[in-house]
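The data block below is my_file36.txt; it holds compact mmCIF, C-alpha atoms.
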# COMPACT_ATOMS: atom_id res chain seq x y z
CA VAL A 205 -61.71 63.13 24.10
CA ARG A 206 -61.12 59.51 25.01
CA MET A 207 -58.83 57.56 22.67
CA SER A 208 -59.14 53.84 22.03
CA PRO A 209 -56.39 51.59 23.40
CA ARG A 210 -55.27 50.86 19.83
CA VAL A 211 -54.85 54.58 19.05
CA VAL A 212 -52.86 55.04 22.28
CA ARG A 213 -50.57 52.12 21.35
CA VAL A 214 -49.96 53.52 17.88
CA ALA A 215 -49.31 57.04 19.23
CA CYS A 216 -46.87 55.77 21.87
CA ARG A 217 -45.03 53.65 19.29
CA LEU A 218 -44.73 56.58 16.87
CA LEU A 219 -43.54 59.00 19.57
CA TYR A 220 -41.03 56.45 20.82
CA ALA A 221 -39.61 55.64 17.36
CA GLY A 222 -39.61 59.22 16.10
CA LEU A 223 -38.39 61.06 19.19
CA ALA A 224 -37.69 59.30 22.49
CA LYS A 225 -35.54 56.54 20.99
CA TRP A 226 -32.99 59.17 19.90
CA LEU A 227 -32.77 61.16 23.16
CA PRO A 228 -29.54 60.99 25.25
CA GLU A 229 -28.18 57.85 26.89
CA THR A 230 -29.16 57.32 30.52
CA GLY A 231 -25.72 58.35 31.83
CA SER A 232 -25.57 61.57 29.77
CA PRO A 233 -26.88 65.00 30.83
CA GLY A 234 -30.66 64.79 30.59
CA GLY A 235 -30.42 61.02 30.30
CA ARG A 236 -32.57 60.18 33.32
CA TRP A 237 -35.40 62.27 31.93
CA ALA A 238 -34.91 60.69 28.48
CA CYS A 239 -34.97 57.18 29.98
CA ALA A 240 -38.18 57.95 31.87
CA LEU A 241 -39.80 59.17 28.65
CA ARG A 242 -38.65 56.10 26.71
CA ARG A 243 -39.92 53.81 29.47
CA GLY A 244 -43.30 55.57 29.61
CA LEU A 245 -43.85 55.45 25.87
CA VAL A 246 -42.81 51.80 25.55
CA ARG A 247 -45.14 50.97 28.45
CA GLY A 248 -47.93 52.43 26.30
CA TYR A 249 -47.60 49.79 23.57
CA VAL A 250 -46.14 46.59 25.13
CA ASP A 251 -47.51 44.20 27.76
CA SER A 252 -45.55 45.63 30.71
CA VAL A 253 -42.49 47.64 31.73
CA ALA A 254 -41.38 47.91 35.36
CA PRO A 255 -41.20 51.46 36.76
CA ASP A 256 -37.43 51.16 37.26
CA ALA A 257 -36.55 49.47 33.95
CA ASN A 258 -33.92 51.17 31.79
CA ILE A 259 -34.45 51.44 28.04
CA GLU A 260 -31.33 52.87 26.45
CA ARG A 261 -30.90 55.18 23.48
CA GLY A 262 -31.47 53.62 20.09
CA ALA A 263 -33.24 50.50 21.37
CA THR A 264 -35.85 49.13 18.96
CA ILE A 265 -38.80 47.38 20.59
CA GLN A 266 -41.15 46.21 17.88
CA GLY A 267 -43.43 43.68 19.49
CA ARG A 268 -46.49 44.27 21.57
CA HIS A 269 -45.99 41.08 23.60
CA VAL A 270 -42.90 42.30 25.45
CA SER A 271 -42.47 42.55 29.21
CA ILE A 272 -39.47 44.05 31.01
CA GLY A 273 -38.97 43.33 34.70
CA ARG A 274 -37.69 45.30 37.69
CA ARG A 275 -34.24 46.89 37.41
CA SER A 276 -33.73 45.34 33.97
CA GLY A 277 -32.22 47.14 31.04
CA VAL A 278 -32.52 47.06 27.27
CA GLY A 279 -29.07 47.97 25.91
CA LEU A 280 -27.96 50.72 23.56
CA ARG A 281 -29.20 50.05 20.01
CA ALA A 282 -30.65 46.67 21.08
CA ARG A 283 -33.45 45.14 19.01
CA ILE A 284 -36.40 43.18 20.38
CA SER A 285 -38.76 41.82 17.75
CA THR A 286 -42.24 40.58 18.52
CA SER A 287 -42.46 38.46 21.74
CA CYS A 288 -40.02 38.54 24.65
CA ARG A 289 -40.25 38.28 28.41
CA ILE A 290 -37.34 39.85 30.28
CA GLY A 291 -37.20 39.01 33.99
CA ASN A 292 -35.92 41.09 36.89
CA HIS A 293 -32.34 42.37 37.29
CA VAL A 294 -31.33 41.61 33.68
CA MET A 295 -28.31 43.45 32.26
CA MET A 296 -28.03 43.81 28.50
CA GLY A 297 -25.07 45.12 26.52
CA PRO A 298 -25.23 47.22 23.37
CA GLU A 299 -26.65 45.92 20.09
CA VAL A 300 -28.18 42.72 21.47
CA MET A 301 -30.70 41.22 19.02
CA ILE A 302 -33.68 39.18 20.21
CA TYR A 303 -35.83 37.46 17.60
CA SER A 304 -38.99 35.43 18.15
CA LEU A 305 -39.98 35.09 14.48
CA ASN A 306 -38.24 33.32 11.62
CA HIS A 307 -38.98 32.87 7.91
CA ARG A 308 -40.27 29.57 6.58
CA PHE A 309 -37.82 27.97 4.17
CA ARG A 310 -38.51 24.21 4.14
CA ASP A 311 -40.08 23.90 0.67
CA PRO A 312 -37.31 24.14 -1.98
CA ASP A 313 -39.94 24.51 -4.74
CA ILE A 314 -41.23 27.83 -3.36
CA LEU A 315 -39.15 31.00 -3.08
CA MET A 316 -38.23 31.55 0.56
CA MET A 317 -39.62 35.07 0.47
CA ASP A 318 -43.00 33.61 -0.55
CA GLN A 319 -43.20 31.02 2.27
CA GLY A 320 -44.14 33.53 4.97
CA ASP A 321 -43.23 33.59 8.63
CA ALA A 322 -43.07 30.63 10.99
CA ALA A 323 -45.12 30.76 14.19
CA ASP A 324 -44.03 33.27 16.82
CA ARG A 325 -41.85 31.57 19.46
CA PRO A 326 -41.32 33.92 22.42
CA VAL A 327 -37.88 34.40 23.98
CA VAL A 328 -37.74 34.18 27.78
CA ILE A 329 -34.91 35.71 29.80
CA GLU A 330 -35.18 34.73 33.45
CA ASP A 331 -33.99 36.81 36.44
CA ASN A 332 -30.42 37.94 37.15
CA VAL A 333 -29.02 37.40 33.64
CA TRP A 334 -26.23 39.30 31.88
CA ILE A 335 -26.33 39.37 28.08
CA GLY A 336 -23.12 40.63 26.50
CA ALA A 337 -22.83 43.08 23.62
CA ARG A 338 -24.01 41.95 20.18
CA ALA A 339 -25.36 38.62 21.42
CA ILE A 340 -28.16 37.17 19.29
CA LEU A 341 -31.05 35.25 20.88
CA LEU A 342 -33.05 33.19 18.37
CA PRO A 343 -36.75 32.23 18.48
CA GLY A 344 -38.00 30.16 21.39
CA VAL A 345 -34.89 30.17 23.58
CA ARG A 346 -35.01 30.44 27.35
CA ILE A 347 -32.06 31.91 29.24
CA GLY A 348 -31.95 30.40 32.73
CA SER A 349 -31.72 32.46 35.89
CA GLY A 350 -28.25 33.62 36.90
CA SER A 351 -26.66 32.89 33.52
CA VAL A 352 -24.21 34.93 31.46
CA VAL A 353 -24.35 35.11 27.66
CA GLY A 354 -20.97 36.15 26.28
CA ALA A 355 -20.53 39.02 23.84
CA GLY A 356 -21.27 38.00 20.26
CA ALA A 357 -22.81 34.64 21.24
CA VAL A 358 -25.53 33.20 19.01
CA VAL A 359 -28.04 31.42 21.25
CA SER A 360 -30.14 28.87 19.37
CA ARG A 361 -30.96 26.54 22.31
CA ASP A 362 -32.08 26.98 25.90
CA VAL A 363 -29.39 28.06 28.36
CA PRO A 364 -29.50 26.31 31.77
CA ALA A 365 -29.56 28.34 34.97
CA GLY A 366 -26.24 29.51 36.42
CA VAL A 367 -23.96 28.89 33.46
CA ILE A 368 -21.78 30.95 31.13
CA VAL A 369 -22.27 30.48 27.39
CA ALA A 370 -20.22 31.85 24.49
CA GLY A 371 -19.61 31.28 20.81
CA ASN A 372 -21.56 30.54 17.64
CA PRO A 373 -23.50 28.44 18.30
CA ALA A 374 -23.41 29.29 22.01
CA LYS A 375 -22.05 26.52 24.21
CA VAL A 376 -21.51 26.25 27.95
CA VAL A 377 -17.98 27.38 28.77
CA GLY A 378 -18.28 27.73 32.54
CA ASP A 379 -20.62 27.97 35.46
CA ARG A 380 -21.45 30.31 38.30
CA VAL A 381 -22.05 27.70 41.02
CA ARG A 382 -20.13 28.30 44.24
CA ARG A 383 -17.65 25.53 44.90
CA SER A 384 -19.05 25.18 48.43
CA ASP A 385 -22.51 24.49 46.92
CA ARG A 386 -21.28 21.49 44.92
CA GLN A 387 -21.88 18.04 46.34
CA ASP A 388 -19.65 16.30 43.79
CA PRO A 389 -16.13 17.73 43.25
CA GLY A 390 -16.51 17.18 39.49
CA ALA A 391 -19.99 18.73 39.25
CA GLY A 392 -20.16 21.87 37.20
CA ALA A 393 -16.55 21.69 36.06
CA THR A 394 -15.76 24.16 33.35
CA ILE A 395 -14.61 23.17 29.89
CA GLU A 396 -11.10 24.27 30.82
CA GLY A 397 -11.21 21.77 33.70
CA ASN A 398 -12.19 18.96 31.36
CA ARG A 399 -9.23 19.23 28.97
As structure tokens, what does this structure read like?
Amino acid sequence: VRMSPRVVRVACRLLYAGLAKWLPETGSPGGRWACALRRGLVRGYVDSVAPDANIERGATIQGRHVSIGRRSGVGLRARISTSCRIGNHVMMGPEVMIYSLNHRFRDPDILMMDQGDAADRPVVIEDNVWIGARAILLPGVRIGSGSVVGAGAVVSRDVPAGVIVAGNPAKVVGDRVRRSDRQDPGAGATIEGNR
């Protein structure tokens, strides 16, 4: 019996949400097997998942238009809604939330719950990024390659490559550029250096 691609996607999503999502963490006994099962099931209903990606226990991956690159991880109890592209070598802490949809709320004469959703705005996380625990990435943001998003940061704007952001709203608090790579001694100075 050959199943349609839609039936396969639905079956993979149900098996993931009902079983695989709750299996042991990767570092626990049986965790490697559990991670492989999670990865395989998620691969069945999203755009792509690299063969060495790590999807941790409790992660919620709702959207179909999700891709997860080589050696990248989705953290414990993380949530990815709708559209997100995660590059290669991305580290993600626990309980990170990634949203690509928002509610409409502009018309004060209509109840917000009756205004529907705004257009989907995918989140893009480039290569070699570290996203700290409980960070929130809002619709349409791009996290530049080599950047660090501090724990608890709320990212509402694009993050340039090679910087460290923290806070709510997230702001640049430092950079990761080697001092020998700077042409100007003041280039890339951290906030602490500008006091």
**Asked** Out of A:Pro326, A:Gly297, A:Pro255, A:Gly262, which residue has the shortest atom-to-atom distance to Arg281 of chain A when counting only C-alpha atoms?
**Response**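 Going through A:Pro326, A:Gly297, A:Pro255, A:Gly262 one by one, the smallest distance to Arg281 of chain A is for A:Gly262.
For Glu229 of chain A, the residues within 6 Å (counting only C-alpha atoms, excluding itself and residues fewer than 3 positions away along the chain) are Ser232, Gly235, Glu260 and Arg261 of chain A.
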**Message:** Please list, as a PyMOL selection string, the residues that have an atom at most 7 Å away from (-31.2, 43.1, 36.1) in the coordinates of this file, counting only C-alpha atoms.
**Reply:** chain A and resi 275-277+292-295+331-333
Extract, using all atoms listed in the file, all DNA, RNA and protein residues at most 8 Å from Ala263 of chain A, discarding same-chain residues fewer than 5 positions from it, and format them as an mmCIF file with C-alpha atoms, in the frame of the given file.
data_model
loop_
_atom_site.group_PDB
_atom_site.id
_atom_site.type_symbol
_atom_site.label_atom_id
_atom_site.label_comp_id
_atom_site.auth_asym_id
_atom_site.auth_seq_id
_atom_site.Cartn_x
_atom_site.Cartn_y
_atom_site.Cartn_z
ATOM 1 C CA LYS A 225 -35.540 56.540 20.990
ATOM 2 C CA VAL A 278 -32.520 47.060 27.270
ATOM 3 C CA GLY A 279 -29.070 47.970 25.910
ATOM 4 C CA LEU A 280 -27.960 50.720 23.560
ATOM 5 C CA ARG A 281 -29.200 50.050 20.010
ATOM 6 C CA ALA A 282 -30.650 46.670 21.080
ATOM 7 C CA ARG A 283 -33.450 45.140 19.010
#
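You will find atom CA of Ile302 of chain A at 28.7 Å from atom CA of Pro233 of chain A.
The coordinates place atom CA of Arg213 of chain A at 22.0 Å from atom CA of Val327 of chain A.
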At a cut-off of 12 Å, can you tabulate as JSON lines every residue of segment 242-357 of chain A near segment 361-376 of chain A together with its closest atom pair and the distance in Å to one decimal, using only C-alpha atoms and ordering rows by chain then number?
{"residue": "A:Val327", "atom": "CA", "partner": "A:Asp362", "partner_atom": "CA", "distance": 9.6}
{"residue": "A:Val328", "atom": "CA", "partner": "A:Asp362", "partner_atom": "CA", "distance": 9.3}
{"residue": "A:Ile329", "atom": "CA", "partner": "A:Val363", "partner_atom": "CA", "distance": 9.5}
{"residue": "A:Glu330", "atom": "CA", "partner": "A:Ala365", "partner_atom": "CA", "distance": 8.6}
{"residue": "A:Asp331", "atom": "CA", "partner": "A:Ala365", "partner_atom": "CA", "distance": 9.7}
{"residue": "A:Asn332", "atom": "CA", "partner": "A:Gly366", "partner_atom": "CA", "distance": 9.4}
{"residue": "A:Val333", "atom": "CA", "partner": "A:Gly366", "partner_atom": "CA", "distance": 8.8}
{"residue": "A:Trp334", "atom": "CA", "partner": "A:Ile368", "partner_atom": "CA", "distance": 9.5}
{"residue": "A:Ile335", "atom": "CA", "partner": "A:Val369", "partner_atom": "CA", "distance": 9.8}
{"residue": "A:Gly336", "atom": "CA", "partner": "A:Ala370", "partner_atom": "CA", "distance": 9.5}
{"residue": "A:Ala337", "atom": "CA", "partner": "A:Ala370", "partner_atom": "CA", "distance": 11.6}
{"residue": "A:Arg338", "atom": "CA", "partner": "A:Gly371", "partner_atom": "CA", "distance": 11.6}
{"residue": "A:Ala339", "atom": "CA", "partner": "A:Ala370", "partner_atom": "CA", "distance": 9.0}
{"residue": "A:Ile340", "atom": "CA", "partner": "A:Asn372", "partner_atom": "CA", "distance": 9.5}
{"residue": "A:Leu341", "atom": "CA", "partner": "A:Arg361", "partner_atom": "CA", "distance": 8.8}
{"residue": "A:Leu342", "atom": "CA", "partner": "A:Arg361", "partner_atom": "CA", "distance": 8.0}
{"residue": "A:Pro343", "atom": "CA", "partner": "A:Arg361", "partner_atom": "CA", "distance": 9.0}
{"residue": "A:Gly344", "atom": "CA", "partner": "A:Arg361", "partner_atom": "CA", "distance": 8.0}
{"residue": "A:Val345", "atom": "CA", "partner": "A:Asp362", "partner_atom": "CA", "distance": 4.8}
{"residue": "A:Arg346", "atom": "CA", "partner": "A:Asp362", "partner_atom": "CA", "distance": 4.8}
{"residue": "A:Ile347", "atom": "CA", "partner": "A:Val363", "partner_atom": "CA", "distance": 4.8}
{"residue": "A:Gly348", "atom": "CA", "partner": "A:Ala365", "partner_atom": "CA", "distance": 3.9}
{"residue": "A:Ser349", "atom": "CA", "partner": "A:Ala365", "partner_atom": "CA", "distance": 4.7}
{"residue": "A:Gly350", "atom": "CA", "partner": "A:Gly366", "partner_atom": "CA", "distance": 4.6}
{"residue": "A:Ser351", "atom": "CA", "partner": "A:Gly366", "partner_atom": "CA", "distance": 4.5}
{"residue": "A:Val352", "atom": "CA", "partner": "A:Ile368", "partner_atom": "CA", "distance": 4.7}
{"residue": "A:Val353", "atom": "CA", "partner": "A:Val369", "partner_atom": "CA", "distance": 5.1}
{"residue": "A:Gly354", "atom": "CA", "partner": "A:Ala370", "partner_atom": "CA", "distance": 4.7}
{"residue": "A:Ala355", "atom": "CA", "partner": "A:Ala370", "partner_atom": "CA", "distance": 7.2}
{"residue": "A:Gly356", "atom": "CA", "partner": "A:Gly371", "partner_atom": "CA", "distance": 6.9}
{"residue": "A:Ala357", "atom": "CA", "partner": "A:Gly371", "partner_atom": "CA", "distance": 4.7}
**Item:** Exercise: Asp318 of chain A partners within 12 Å, only C-alpha atoms, chain neighbours under 4 positions left out, as a list of chain:residue names
**Value:** A:His307, A:Arg308, A:Phe309, A:Arg310, A:Asp311, A:Pro312, A:Asp313, A:Ile314, A:Ala322
**From A:Val358, A:Ala215, A:Met317, A:Arg242, residue lying nearest Thr230 of chain A [only C-alpha atoms]** =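 Answer, going by the shortest atom-to-atom distance: A:Arg242.
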**Prompt:** Could you state the separation of atom CA of Val250 of chain A and atom CA of Gly267 of chain A in Å, given to one decimal place?
**Reply:**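 Value for the atom CA of Val250 of chain A-atom CA of Gly267 of chain A distance: 6.9 Å.
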**Request:** Name all residues at most 7 Å from Val246 of chain A (count all atoms listed in the file; drop same-chain ones fewer than 3 positions away) and give them as a PyMOL selection string.
**Result:** chain A and resi 216-217+220+242-243+249-250
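Nearest to Ala221 of chain A of all the residues A:Val253, A:Val205, A:Ile265, A:Cys239 is A:Ile265, counting all atoms listed in the file.
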Please fill the gaps in segment 354-365 of chain A so it has all heavy atoms, and write that as a compact mmCIF listing (two decimals), in the coordinates of the input.
# COMPACT_ATOMS: atom_id res chain seq x y z
N GLY A 354 -22.15 35.40 26.70
CA GLY A 354 -20.97 36.15 26.28
C GLY A 354 -21.23 37.05 25.08
O GLY A 354 -22.13 36.81 24.27
N ALA A 355 -20.42 38.08 24.96
CA ALA A 355 -20.53 39.02 23.84
C ALA A 355 -20.42 38.27 22.52
O ALA A 355 -19.57 37.40 22.36
CB ALA A 355 -19.43 40.07 23.94
N GLY A 356 -21.30 38.59 21.59
CA GLY A 356 -21.27 38.00 20.26
C GLY A 356 -21.80 36.58 20.17
O GLY A 356 -21.81 35.99 19.08
N ALA A 357 -22.29 36.01 21.27
CA ALA A 357 -22.81 34.64 21.24
C ALA A 357 -24.09 34.58 20.42
O ALA A 357 -24.87 35.52 20.38
CB ALA A 357 -23.09 34.15 22.66
N VAL A 358 -24.30 33.45 19.75
CA VAL A 358 -25.53 33.20 19.01
C VAL A 358 -26.24 32.06 19.73
O VAL A 358 -25.80 30.91 19.69
CB VAL A 358 -25.26 32.84 17.54
CG1 VAL A 358 -26.57 32.52 16.82
CG2 VAL A 358 -24.52 33.98 16.84
N VAL A 359 -27.34 32.39 20.42
CA VAL A 359 -28.04 31.42 21.25
C VAL A 359 -29.20 30.84 20.48
O VAL A 359 -30.17 31.53 20.18
CB VAL A 359 -28.53 32.08 22.56
CG1 VAL A 359 -29.23 31.05 23.45
CG2 VAL A 359 -27.38 32.73 23.31
N SER A 360 -29.10 29.55 20.13
CA SER A 360 -30.14 28.87 19.37
C SER A 360 -30.84 27.79 20.18
O SER A 360 -31.80 27.20 19.72
CB SER A 360 -29.55 28.26 18.09
OG SER A 360 -28.52 27.36 18.42
N ARG A 361 -30.36 27.54 21.41
CA ARG A 361 -30.96 26.54 22.31
C ARG A 361 -31.08 27.14 23.69
O ARG A 361 -30.39 28.09 24.04
CB ARG A 361 -30.07 25.30 22.39
CG ARG A 361 -29.97 24.57 21.10
CD ARG A 361 -29.17 23.32 21.27
NE ARG A 361 -28.94 22.73 19.95
CZ ARG A 361 -28.06 21.82 19.70
NH1 ARG A 361 -27.29 21.36 20.65
NH2 ARG A 361 -27.92 21.35 18.47
N ASP A 362 -31.91 26.51 24.52
CA ASP A 362 -32.08 26.98 25.90
C ASP A 362 -30.75 26.97 26.63
O ASP A 362 -29.90 26.10 26.41
CB ASP A 362 -33.06 26.08 26.65
CG ASP A 362 -34.50 26.25 26.18
OD1 ASP A 362 -34.78 27.17 25.38
OD2 ASP A 362 -35.34 25.48 26.64
N VAL A 363 -30.59 27.95 27.53
CA VAL A 363 -29.39 28.06 28.36
C VAL A 363 -29.79 27.70 29.79
O VAL A 363 -30.71 28.31 30.34
CB VAL A 363 -28.82 29.51 28.31
CG1 VAL A 363 -27.69 29.68 29.29
CG2 VAL A 363 -28.38 29.85 26.89
N PRO A 364 -29.14 26.69 30.40
CA PRO A 364 -29.50 26.31 31.77
C PRO A 364 -29.21 27.44 32.77
O PRO A 364 -28.43 28.36 32.48
CB PRO A 364 -28.58 25.11 32.06
CG PRO A 364 -28.04 24.68 30.76
CD PRO A 364 -28.07 25.87 29.85
N ALA A 365 -29.79 27.35 33.92
CA ALA A 365 -29.56 28.34 34.97
C ALA A 365 -28.11 28.27 35.45
O ALA A 365 -27.51 27.19 35.52
CB ALA A 365 -30.50 28.09 36.14
